[in-house]
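Engineer: One file: model-v5.txt (compact mmCIF, C-alpha atoms and all ligand atoms).
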# COMPACT_ATOMS: atom_id res chain seq x y z
CA MET Q 194 -0.54 19.23 -12.74
CA SER Q 195 2.31 21.12 -14.31
CA SER Q 196 3.66 19.65 -17.54
CA ARG Q 197 7.15 20.87 -16.64
CA LYS Q 198 9.69 18.30 -15.65
CA THR Q 199 9.93 16.90 -12.17
CA MET Q 200 11.96 18.67 -9.47
CA ILE Q 201 13.40 15.31 -8.40
CA ALA Q 202 16.66 14.20 -10.01
CA ALA Q 203 17.53 10.50 -10.28
CA ASP Q 204 21.10 9.25 -10.26
CA VAL Q 205 19.97 6.08 -12.01
CA ASP Q 206 19.33 5.76 -15.75
CA PHE Q 207 15.95 4.14 -16.52
CA ASP Q 208 17.14 3.13 -19.98
CA ARG Q 209 20.40 1.51 -18.98
CA GLN Q 210 20.73 -2.27 -18.96
CA GLY Q 211 21.91 -3.98 -15.81
CA LEU Q 212 21.37 -3.59 -12.09
CA GLN Q 213 21.62 -0.11 -10.55
CA PHE Q 214 21.24 1.01 -6.97
CA GLY Q 215 20.79 4.76 -6.63
CA ARG Q 216 18.87 7.63 -5.17
CA LEU Q 217 16.11 10.01 -6.09
CA ARG Q 218 17.12 13.47 -4.89
CA LEU Q 219 14.17 15.22 -3.29
CA PRO Q 220 15.07 18.93 -3.02
CA HIS Q 221 15.09 20.03 0.60
CA SER Q 222 16.71 23.38 1.28
CA VAL Q 223 16.43 24.12 4.99
CA HIS Q 224 18.20 26.01 7.75
CA ARG Q 225 20.71 23.28 8.51
CA SER Q 226 21.35 22.33 4.86
CA ALA Q 227 21.07 25.12 2.29
CA TYR Q 228 21.73 23.03 -0.83
CA GLY Q 229 20.49 19.81 0.66
CA HIS Q 230 18.28 17.09 -0.68
CA ILE Q 231 16.66 13.99 0.79
CA PRO Q 232 17.93 10.81 -0.88
CA ILE Q 233 15.21 8.22 -1.64
CA PRO Q 234 16.66 4.78 -2.46
CA ILE Q 235 15.74 3.32 -5.86
CA ALA Q 236 16.92 0.17 -7.63
CA ILE Q 237 16.50 -0.66 -11.30
CA ALA Q 238 17.09 -4.07 -12.84
CA ALA Q 239 16.84 -4.07 -16.63
CA ASN Q 240 17.80 -6.82 -19.00
CA GLY Q 241 16.53 -7.16 -22.56
CA SER Q 242 12.95 -6.68 -23.62
CA GLY Q 243 9.95 -7.39 -21.44
CA PRO Q 244 7.45 -5.59 -19.26
CA THR Q 245 8.33 -2.97 -16.66
CA VAL Q 246 7.15 -3.74 -13.15
CA LEU Q 247 7.12 -0.92 -10.60
CA LEU Q 248 7.35 -2.07 -6.98
CA THR Q 249 6.72 0.41 -4.18
CA GLY Q 250 6.69 0.23 -0.39
CA GLY Q 251 6.81 2.80 2.35
CA VAL Q 252 4.18 5.04 0.81
CA HIS Q 253 3.23 5.30 4.46
CA GLY Q 254 6.24 5.59 6.72
CA ASP Q 255 5.07 3.22 9.46
CA GLU Q 256 4.57 0.10 7.33
CA TYR Q 257 7.44 -2.39 7.17
CA GLU Q 258 6.62 -5.56 5.21
CA GLY Q 259 6.90 -3.78 1.85
CA PRO Q 260 10.26 -2.11 2.53
CA ILE Q 261 11.74 -5.38 3.85
CA ALA Q 262 10.36 -7.51 1.00
CA LEU Q 263 11.40 -5.09 -1.74
CA SER Q 264 14.85 -4.29 -0.37
CA ARG Q 265 15.59 -8.02 -0.08
CA LEU Q 266 14.27 -8.63 -3.59
CA ALA Q 267 16.58 -5.93 -4.95
CA ARG Q 268 19.59 -7.32 -3.09
CA GLU Q 269 18.93 -10.85 -4.35
CA ILE Q 270 18.14 -10.10 -8.01
CA ASP Q 271 20.11 -12.19 -10.48
CA ILE Q 272 20.21 -9.72 -13.36
CA ASP Q 273 21.10 -12.40 -15.91
CA ARG Q 274 17.75 -14.05 -15.24
CA VAL Q 275 15.68 -10.86 -15.60
CA ARG Q 276 13.72 -10.23 -18.82
CA GLY Q 277 12.32 -6.74 -18.85
CA ARG Q 278 12.69 -4.14 -16.14
CA ILE Q 279 11.98 -3.91 -12.42
CA ILE Q 280 11.89 -0.50 -10.73
CA ILE Q 281 12.01 -0.79 -6.95
CA VAL Q 282 11.38 2.05 -4.50
CA PRO Q 283 11.14 0.32 -1.08
CA MET Q 284 10.49 3.48 0.98
CA LEU Q 285 8.78 5.90 -1.35
CA ASN Q 286 8.02 8.46 1.33
CA HIS Q 287 11.50 8.21 2.82
CA PRO Q 288 11.16 11.20 5.18
CA ALA Q 289 8.05 9.60 6.70
CA PHE Q 290 9.79 6.22 6.83
CA ALA Q 291 12.80 7.67 8.63
CA ALA Q 292 10.44 9.22 11.17
CA GLY Q 293 8.29 6.07 11.50
CA THR Q 294 5.13 8.02 10.80
CA ARG Q 295 2.27 7.54 8.35
CA VAL Q 296 2.48 11.11 7.09
CA SER Q 297 5.60 13.10 6.31
CA PRO Q 298 7.12 15.01 9.23
CA ILE Q 299 8.04 17.76 6.74
CA ASP Q 300 4.58 18.74 5.53
CA ASP Q 301 2.19 16.49 7.48
CA ILE Q 302 0.90 15.07 4.20
CA ASN Q 303 -0.24 11.49 3.54
CA LEU Q 304 1.45 10.53 0.25
CA ASN Q 305 -1.46 8.30 -0.75
CA ARG Q 306 -3.95 11.18 -0.44
CA ILE Q 307 -2.10 13.71 -2.56
CA PHE Q 308 -1.88 12.20 -6.06
CA PRO Q 309 -1.25 13.39 -8.75
CA GLY Q 310 1.02 15.64 -6.67
CA ARG Q 311 2.61 18.92 -7.68
CA ARG Q 312 5.94 19.58 -9.34
CA ASP Q 313 6.70 22.61 -7.19
CA GLY Q 314 4.70 21.54 -4.15
CA THR Q 315 5.83 20.37 -0.73
CA ALA Q 316 8.16 17.38 -0.27
CA THR Q 317 5.34 14.81 -0.32
CA GLU Q 318 3.61 16.50 -3.25
CA MET Q 319 6.86 16.39 -5.23
CA ILE Q 320 7.21 12.64 -4.57
CA ALA Q 321 3.64 12.01 -5.78
CA HIS Q 322 4.28 14.14 -8.87
CA TYR Q 323 7.43 12.13 -9.61
CA VAL Q 324 5.47 8.88 -9.43
CA THR Q 325 2.73 10.28 -11.68
CA THR Q 326 5.01 11.81 -14.32
CA GLU Q 327 8.18 9.66 -14.23
CA LEU Q 328 7.49 6.21 -12.77
CA LEU Q 329 3.94 5.25 -13.77
CA PRO Q 330 4.37 6.24 -17.45
CA ARG Q 331 7.27 3.75 -17.65
CA ALA Q 332 5.39 0.90 -15.96
CA ASP Q 333 3.14 -1.91 -17.19
CA CYS Q 334 2.34 -3.21 -13.72
CA LEU Q 335 2.48 -1.67 -10.24
CA ILE Q 336 2.52 -3.54 -6.95
CA ASP Q 337 2.24 -1.12 -4.02
CA LEU Q 338 2.75 -2.88 -0.68
CA HIS Q 339 1.06 -1.51 2.44
CA ALA Q 340 0.10 -2.47 5.99
CA GLY Q 341 -2.26 -0.94 8.52
CA GLY Q 342 0.27 1.54 9.83
CA SER Q 343 0.42 2.44 13.49
CA SER Q 344 -3.33 2.70 14.07
CA LEU Q 345 -4.56 -0.48 12.34
CA GLN Q 346 -3.69 -4.17 12.32
CA TYR Q 347 -4.61 -6.24 9.22
CA LEU Q 348 -5.08 -9.90 8.50
CA PRO Q 349 -2.61 -10.06 5.56
CA ALA Q 350 -4.55 -9.58 2.33
CA LEU Q 351 -3.89 -8.72 -1.27
CA LEU Q 352 -6.12 -5.96 -2.67
CA ALA Q 353 -7.11 -6.00 -6.31
CA PRO Q 354 -9.40 -3.82 -8.43
CA ARG Q 355 -12.56 -5.45 -9.79
CA TRP Q 356 -13.04 -4.29 -13.36
CA SER Q 357 -16.13 -4.61 -15.52
CA ASP Q 358 -13.93 -4.66 -18.65
CA PRO Q 359 -13.44 -8.45 -19.15
CA GLN Q 360 -9.90 -8.10 -20.53
CA LYS Q 361 -8.73 -6.04 -17.59
CA ALA Q 362 -10.54 -8.35 -15.18
CA ALA Q 363 -8.81 -11.40 -16.71
CA ARG Q 364 -5.40 -9.73 -16.48
CA VAL Q 365 -5.94 -8.80 -12.85
CA ASP Q 366 -7.25 -12.26 -12.05
CA ALA Q 367 -4.09 -13.82 -13.49
CA LEU Q 368 -1.99 -11.46 -11.36
CA VAL Q 369 -4.02 -12.38 -8.27
CA THR Q 370 -3.50 -16.09 -8.95
CA ALA Q 371 0.23 -15.54 -9.51
CA PHE Q 372 0.52 -13.56 -6.27
CA GLY Q 373 -1.09 -16.45 -4.41
CA ALA Q 374 -2.25 -14.67 -1.24
CA GLU Q 375 -4.70 -16.60 0.91
CA ASN Q 376 -7.00 -13.56 1.21
CA VAL Q 377 -7.80 -11.26 -1.68
CA ILE Q 378 -10.05 -8.25 -1.27
CA TYR Q 379 -11.52 -6.88 -4.48
CA PHE Q 380 -12.49 -3.24 -4.59
CA ASP Q 381 -14.86 -1.92 -7.24
CA SER Q 382 -12.88 1.22 -7.71
CA VAL Q 383 -10.72 3.46 -5.60
CA ARG Q 384 -13.74 5.72 -5.24
CA ALA Q 385 -16.19 3.02 -4.15
CA LEU Q 386 -16.51 3.92 -0.50
CA SER Q 387 -15.34 7.42 0.11
CA GLY Q 388 -15.06 9.29 -3.16
CA GLU Q 389 -11.31 8.95 -2.71
CA ASP Q 390 -9.46 9.56 -5.96
CA ARG Q 391 -6.18 10.96 -4.66
CA VAL Q 392 -4.56 7.52 -4.32
CA ILE Q 393 -1.77 6.01 -6.40
CA GLY Q 394 -4.05 3.33 -7.86
CA ASN Q 395 -6.19 5.95 -9.55
CA TYR Q 396 -3.16 7.27 -11.44
CA ALA Q 397 -1.89 3.77 -12.19
CA ASP Q 398 -5.20 3.18 -13.91
CA GLN Q 399 -5.00 6.48 -15.81
CA ASN Q 400 -1.60 5.33 -17.11
CA ASP Q 401 -3.01 1.91 -18.11
CA VAL Q 402 -0.86 0.25 -15.47
CA ASP Q 403 -2.23 -2.98 -13.99
CA PHE Q 404 -2.33 -2.50 -10.27
CA LEU Q 405 -2.20 -4.61 -7.13
CA THR Q 406 -1.87 -3.40 -3.58
CA GLY Q 407 -2.35 -5.07 -0.24
CA GLU Q 408 -2.29 -4.85 3.51
CA PHE Q 409 0.29 -7.23 4.97
CA GLY Q 410 0.22 -6.41 8.67
CA GLY Q 411 0.18 -3.29 10.77
CA GLY Q 412 0.63 -1.81 14.20
CA SER Q 413 4.02 -0.36 13.14
CA SER Q 414 5.51 -3.85 13.46
CA VAL Q 415 6.41 -6.67 11.07
CA ASN Q 416 3.87 -9.43 10.48
CA ILE Q 417 5.94 -12.50 9.54
CA ASP Q 418 3.05 -14.20 7.71
CA GLY Q 419 2.29 -10.98 5.86
CA LEU Q 420 5.93 -10.52 4.96
CA ALA Q 421 6.15 -14.07 3.61
CA THR Q 422 2.94 -13.52 1.61
CA ALA Q 423 4.29 -10.29 0.13
CA GLU Q 424 7.68 -11.75 -0.74
CA ARG Q 425 6.20 -14.86 -2.36
CA GLY Q 426 3.55 -12.80 -4.12
CA VAL Q 427 5.88 -10.27 -5.74
CA ARG Q 428 8.13 -13.06 -7.02
CA GLY Q 429 5.09 -14.94 -8.29
CA VAL Q 430 3.86 -11.92 -10.27
CA LEU Q 431 7.35 -11.33 -11.71
CA ALA Q 432 7.46 -14.96 -12.83
CA HIS Q 433 3.93 -14.73 -14.25
CA LEU Q 434 4.89 -11.68 -16.32
CA GLY Q 435 8.04 -13.38 -17.58
CA VAL Q 436 10.37 -10.92 -15.85
CA PHE Q 437 11.67 -13.74 -13.65
CA PRO Q 438 12.09 -17.27 -14.99
CA ALA Q 439 9.14 -19.51 -14.18
CA GLU Q 440 11.21 -22.34 -12.77
CA GLY Q 441 12.61 -21.97 -9.29
CA ALA Q 442 11.49 -18.36 -9.01
CA HIS Q 443 8.88 -19.02 -6.42
CA SER Q 444 6.84 -21.80 -4.92
CA PRO Q 445 3.15 -20.95 -5.07
CA ARG Q 446 1.09 -21.41 -1.94
CA LYS Q 447 -1.12 -24.47 -1.95
CA GLY Q 448 -4.75 -24.03 -1.06
CA ARG Q 449 -7.64 -21.94 -2.19
CA ILE Q 450 -7.80 -18.17 -2.49
CA ARG Q 451 -10.49 -16.58 -0.32
CA ARG Q 452 -12.06 -13.83 -2.45
CA LEU Q 453 -13.57 -10.96 -0.53
CA ALA Q 454 -15.13 -7.56 -1.08
CA MET Q 455 -15.43 -4.51 1.14
CA ASP Q 456 -18.00 -2.71 -0.96
CA ASP Q 457 -20.51 -1.98 1.80
CA SER Q 458 -20.18 0.70 4.46
CA GLY Q 459 -21.87 -1.68 6.95
CA LEU Q 460 -18.65 -3.71 7.00
CA TYR Q 461 -16.90 -0.83 8.78
CA ALA Q 462 -17.13 0.24 12.42
CA PHE Q 463 -16.36 3.80 13.49
CA ALA Q 464 -16.22 5.47 16.88
CA ASP Q 465 -19.02 7.98 17.43
CA ARG Q 466 -17.44 9.54 20.55
CA ARG Q 467 -14.25 9.84 22.55
CA GLY Q 468 -13.27 7.00 24.83
CA PHE Q 469 -11.29 3.81 24.86
CA PHE Q 470 -12.23 0.89 22.67
CA GLU Q 471 -12.65 -2.75 23.64
CA PRO Q 472 -12.95 -4.88 20.47
CA LYS Q 473 -15.34 -7.84 20.45
CA PHE Q 474 -14.02 -9.48 17.30
CA ALA Q 475 -10.75 -11.16 16.34
CA LEU Q 476 -8.93 -10.95 13.01
CA GLY Q 477 -9.79 -13.78 10.65
CA HIS Q 478 -12.97 -14.72 12.50
CA SER Q 479 -16.40 -14.71 10.89
CA VAL Q 480 -18.66 -11.94 12.19
CA ALA Q 481 -22.45 -11.98 11.72
CA ALA Q 482 -24.46 -9.03 10.42
CA GLY Q 483 -25.51 -6.88 13.36
CA ALA Q 484 -22.81 -8.33 15.63
CA LEU Q 485 -21.16 -6.27 18.30
CA ALA Q 486 -17.91 -4.71 17.04
CA GLY Q 487 -16.93 -3.55 20.49
CA LEU Q 488 -17.50 -1.20 23.37
CA ILE Q 489 -16.42 2.39 23.84
CA HIS Q 490 -15.69 3.06 27.49
CA ASP Q 491 -15.95 6.50 29.02
CA ILE Q 492 -12.58 7.99 29.98
CA ASP Q 493 -13.83 10.16 32.82
CA ASN Q 494 -16.72 8.10 34.13
CA PRO Q 495 -15.90 4.37 34.26
CA TRP Q 496 -19.28 3.68 35.98
CA GLN Q 497 -21.06 4.78 32.82
CA THR Q 498 -22.34 1.83 30.77
CA PRO Q 499 -20.03 1.50 27.73
CA VAL Q 500 -21.48 2.36 24.33
CA GLU Q 501 -21.98 -0.57 21.94
CA ILE Q 502 -20.81 -0.30 18.33
CA PHE Q 503 -22.13 -2.79 15.76
CA PHE Q 504 -21.24 -4.07 12.30
CA ARG Q 505 -24.36 -3.71 10.13
CA THR Q 506 -23.07 -6.21 7.55
CA GLY Q 507 -21.43 -9.58 8.26
CA GLY Q 508 -18.08 -10.84 7.01
CA ILE Q 509 -14.55 -11.94 7.88
CA ALA Q 510 -12.71 -9.61 10.29
CA MET Q 511 -9.82 -8.13 8.31
CA CYS Q 512 -8.74 -5.11 10.30
CA VAL Q 513 -8.79 -3.89 13.89
CA ARG Q 514 -7.67 -0.66 15.47
CA THR Q 515 -4.46 -0.95 17.51
CA PHE Q 516 -4.78 2.18 19.66
CA SER Q 517 -7.48 1.74 22.26
CA LEU Q 518 -7.99 5.48 22.73
CA VAL Q 519 -10.49 6.74 20.18
CA GLU Q 520 -12.09 9.95 19.05
CA ALA Q 521 -15.31 10.35 17.09
CA GLY Q 522 -14.68 9.31 13.48
CA ASP Q 523 -11.84 6.84 14.16
CA CYS Q 524 -12.05 3.54 12.29
CA LEU Q 525 -12.34 0.69 14.82
CA GLY Q 526 -11.95 -2.06 12.25
CA HIS Q 527 -13.61 -3.58 9.25
CA LEU Q 528 -14.81 -6.84 7.79
CA ALA Q 529 -14.83 -8.09 4.23
CA ARG Q 530 -17.59 -10.29 2.82
CA GLU Q 531 -16.88 -13.44 0.85
CA ILE Q 532 -17.82 -13.31 -2.84
ZN ZN U 1 -0.35 2.24 3.83
Here is a file; write its structure as structure tokens.

Structural biologist:
Amino acid sequence: MSSRKTMIAADVDFDRQGLQFGRLRLPHSVHRSAYGHIPIPIAIAANGSGPTVLLTGGVHGDEYEGPIALSRLAREIDIDRVRGRIIIVPMLNHPAFAAGTRVSPIDDINLNRIFPGRRDGTATEMIAHYVTTELLPRADCLIDLHAGGSSLQYLPALLAPRWSDPQKAARVDALVTAFGAENVIYFDSVRALSGEDRVIGNYADQNDVDFLTGEFGGGSSVNIDGLATAERGVRGVLAHLGVFPAEGAHSPRKGRIRRLAMDDSGLYAFADRRGFFEPKFALGHSVAAGALAGLIHDIDNPWQTPVEIFFRTGGIAMCVRTFSLVEAGDCLGHLAREI
């Protein structure tokens, strides 16, 4: 990572008090626009002293609950009742969002697989670098709202890191309670399953930023339950941190929190060949260890007996593939086990 300053200019002032709606200017000099840039909407609400909460959506361009929830939050903020600072970027990968695609149409890069980014990299790398060098260092807490994108459908769930450090664990647990989602999936670390350390959460942690994420729907549509969960949850965390007043800020959901983990590769089902997939599980249902995840049918030979795919470990069905057509290596869905 270069230590030189970001290529992205902001027309908002992070240190100014009050409510600002502005743009991050992502440099984009192309044939049809020599001195052009891509404007990425950003809102900042700052009033007095208090923590800074960074709220991001649209890291993937085909996920909608986060952008809706965060844009509405920004429009409805009563600045006189804020204590601290809220930085809101509802569609962080705006080029991808405008195209309705998970990855950017400019460079084909998945923003959440390119952290810490590069100052003088491609469009998506520059956005990641801006988050790493300009946004995360200012933040005390990050909530990054996701959904399954076009290819996956999720049972709405908050995702939270599970820390061995008791102080961090207690802080995260308080955030989880304040968010109030019915389903919470704890992950041991961002590297637990796949060695993946290019995600935003890894750099939140390196900046000592408490971090929540979540999957609130999917299938490039809007899940109304997931949207309500996300909207209530963000307001709950802001009230918990004292950035919003406690009274009237949000009404916590009644009922218990189902705590889950997806720390076992047997909870996942993947296609091992081309074909079209017929799922044998439904979101939210309990699935036994060794149960059939679904069938992969042969595209060219429908008389061929379909291939069975199994879950090796049991749990609650959290995620299912939306596209029936599959290739070898595609995720067909996953469970999470209760803890
Ligand atoms: Zn996502």

Engineer: Just the residues within 12 Å of Arg311 of chain Q, please, counting all atoms listed in the file, with nothing from its chain fewer than 5 positions along; format it as a VMD selection string.

Structural biologist: chain Q and resid 194 to 201 304 316 to 326

Engineer: Enumerate, in order of chain and increasing residue number, the residues of chain Q with an atom no farther than 9 Å from ligand ZN 1 (chain U), each with its shortest atom pair and distance in Å to one decimal, counting only C-alpha atoms and all ligand atoms, as a tab-separated table.

Structural biologist:
residue	atom	partner	partner_atom	distance
Q:Gly250	CA	U:ZN1	ZN	8.5
Q:Gly251	CA	U:ZN1	ZN	7.3
Q:Val252	CA	U:ZN1	ZN	6.1
Q:His253	CA	U:ZN1	ZN	4.8
Q:Gly254	CA	U:ZN1	ZN	7.9
Q:Asp255	CA	U:ZN1	ZN	7.9
Q:Glu256	CA	U:ZN1	ZN	6.4
Q:Arg295	CA	U:ZN1	ZN	7.4
Q:Asn305	CA	U:ZN1	ZN	7.7
Q:Asp337	CA	U:ZN1	ZN	8.9
Q:Leu338	CA	U:ZN1	ZN	7.5
Q:His339	CA	U:ZN1	ZN	4.2
Q:Ala340	CA	U:ZN1	ZN	5.2
Q:Gly341	CA	U:ZN1	ZN	6.0
Q:Gly342	CA	U:ZN1	ZN	6.1
Q:Gly407	CA	U:ZN1	ZN	8.6
Q:Glu408	CA	U:ZN1	ZN	7.4
Q:Gly411	CA	U:ZN1	ZN	8.9

Engineer: Between atom CA of Gly310 of chain Q and atom CA of Arg391 of chain Q, what is the distance in Å, rounded to a tenth?

Structural biologist: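 Between these atoms lies a distance of 8.8 Å.
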
Engineer: Between atom CA of Leu488 of chain Q and atom CA of Lys473 of chain Q, what is the spacing in Å?

Structural biologist: 7.6 Å

Engineer: Fewer than 3 positions away in the same chain doesn't count, so skip those; otherwise give me all residues within 12 Å of His490 of chain Q, counting all atoms listed in the file, as an mmCIF file with C-alpha atoms, in the frame of the given file.

Structural biologist:
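Output below, filename out.cif:
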data_model
loop_
_atom_site.group_PDB
_atom_site.id
_atom_site.type_symbol
_atom_site.label_atom_id
_atom_site.label_comp_id
_atom_site.auth_asym_id
_atom_site.auth_seq_id
_atom_site.Cartn_x
_atom_site.Cartn_y
_atom_site.Cartn_z
ATOM 1 C CA ALA Q 464 -16.220 5.470 16.880
ATOM 2 C CA ASP Q 465 -19.020 7.980 17.430
ATOM 3 C CA ARG Q 466 -17.440 9.540 20.550
ATOM 4 C CA ARG Q 467 -14.250 9.840 22.550
ATOM 5 C CA GLY Q 468 -13.270 7.000 24.830
ATOM 6 C CA PHE Q 469 -11.290 3.810 24.860
ATOM 7 C CA PHE Q 470 -12.230 0.890 22.670
ATOM 8 C CA GLU Q 471 -12.650 -2.750 23.640
ATOM 9 C CA PRO Q 472 -12.950 -4.880 20.470
ATOM 10 C CA GLY Q 487 -16.930 -3.550 20.490
ATOM 11 C CA ASP Q 493 -13.830 10.160 32.820
ATOM 12 C CA ASN Q 494 -16.720 8.100 34.130
ATOM 13 C CA PRO Q 495 -15.900 4.370 34.260
ATOM 14 C CA TRP Q 496 -19.280 3.680 35.980
ATOM 15 C CA GLN Q 497 -21.060 4.780 32.820
ATOM 16 C CA THR Q 498 -22.340 1.830 30.770
ATOM 17 C CA PRO Q 499 -20.030 1.500 27.730
ATOM 18 C CA VAL Q 500 -21.480 2.360 24.330
ATOM 19 C CA GLU Q 501 -21.980 -0.570 21.940
ATOM 20 C CA ILE Q 502 -20.810 -0.300 18.330
ATOM 21 C CA SER Q 517 -7.480 1.740 22.260
ATOM 22 C CA LEU Q 518 -7.990 5.480 22.730
ATOM 23 C CA VAL Q 519 -10.490 6.740 20.180
ATOM 24 C CA GLU Q 520 -12.090 9.950 19.050
#

Engineer: So which one's closest to Ala353 of chain Q, Q:Pro298, Q:Met455, Q:Asp271, Q:Gly419? Using only C-alpha atoms, please.

Structural biologist: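 With only C-alpha atoms as the atom set, the closest residue is Q:Met455.
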
Engineer: Which distance in Å separates atom CA of Ser226 of chain Q and atom CA of Thr315 of chain Q, to one decimal?

Structural biologist: 16.6 Å

Engineer: Which residues are close to Arg209 of chain Q, i.e. within 9 Å by all atoms listed in the file, leaving aside same-chain residues fewer than 6 positions away? Reply as an mmCIF file with C-alpha atoms, in the coordinates of the input.

Structural biologist:
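This is the output file around-v8.cif:
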data_model
loop_
_atom_site.group_PDB
_atom_site.id
_atom_site.type_symbol
_atom_site.label_atom_id
_atom_site.label_comp_id
_atom_site.auth_asym_id
_atom_site.auth_seq_id
_atom_site.Cartn_x
_atom_site.Cartn_y
_atom_site.Cartn_z
ATOM 1 C CA ILE Q 237 16.500 -0.660 -11.300
ATOM 2 C CA ALA Q 238 17.090 -4.070 -12.840
ATOM 3 C CA ALA Q 239 16.840 -4.070 -16.630
ATOM 4 C CA ASN Q 240 17.800 -6.820 -19.000
#

Engineer: So which one's closest to Ala475 of chain Q, Q:Arg514, Q:Arg278, Q:Arg446, Q:Arg452? Using only C-alpha atoms, please.

Structural biologist: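 Of all the options, Q:Arg514 lies closest to Ala475 of chain Q.
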
Engineer: Hey, what's within 7 Å of Glu258 of chain Q if we count all atoms listed in the file and toss same-chain stuff fewer than 4 positions away? As an MDAnalysis selection string, please?

Structural biologist: chainID Q and resid 262 409 415 419:420

Engineer: From the list Q:Arg216, Q:Ile307, Q:Val427, Q:Phe463, which residue is nearest Gly522 of chain Q when using all atoms listed in the file?

Structural biologist: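 Of Q:Arg216, Q:Ile307, Q:Val427, Q:Phe463, the one nearest Gly522 of chain Q is Q:Phe463, counting all atoms listed in the file.
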
Engineer: Show which residues sit within 8 Å of Pro438 of chain Q, as a VMD selection string. Count only C-alpha atoms, and ignore same-chain residues fewer than 6 positions away.

Structural biologist: chain Q and resid 274 to 275 432

Engineer: Take the residues just selected and output them with C-alpha atoms as a PDB file, in the frame of the given file.

Structural biologist:
ATOM      1  CA  ARG Q 274      17.750 -14.050 -15.240  1.00  0.00           C
ATOM      2  CA  VAL Q 275      15.680 -10.860 -15.600  1.00  0.00           C
ATOM      3  CA  ALA Q 432       7.460 -14.960 -12.830  1.00  0.00           C
TER       4      ALA Q 432
END

Engineer: If I put a ball of radius 9 Å at (2.1, 6.3, -9.8) in the file's coordinates, which residues poke into it when counting only C-alpha atoms, written as a list in words?

Structural biologist: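 Here the neighbourhood of the point contains Leu247, Phe308, Pro309, Ala321, His322, Tyr323, Val324, Thr325, Thr326, Glu327, Leu328, Leu329, Pro330, Ala332, Leu335, Val392, Ile393, Gly394, Asn395, Tyr396, Ala397, Asp398, Asn400 and Val402 of chain Q.
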
Engineer: For Phe437 of chain Q, which residue out of Q:Asp381, Q:Asp273, Q:Glu375, Q:Asp204 is the nearest one, using only C-alpha atoms?

Structural biologist: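 For Phe437 of chain Q, the nearest of the candidates is Q:Asp273.
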
Engineer: For Leu217 of chain Q, which residue out of Q:Gly259, Q:Val282, Q:Leu453, Q:Glu269 is the nearest one, using all atoms listed in the file?

Structural biologist: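 Closest candidate: Q:Val282.
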
Engineer: Taking all atoms listed in the file into account, which of Q:His527, Q:Arg451, Q:Val365, Q:Asp491 comes nearest Gly507 of chain Q?

Structural biologist: Q:His527

Engineer: Which protein, DNA or RNA residues have an atom at most 12 Å from (-22.2, -7.6, 4.8), counting all atoms listed in the file? List them as a ChimeraX atom specification.

Structural biologist: /Q:453-461,479-484,503-510,527-532
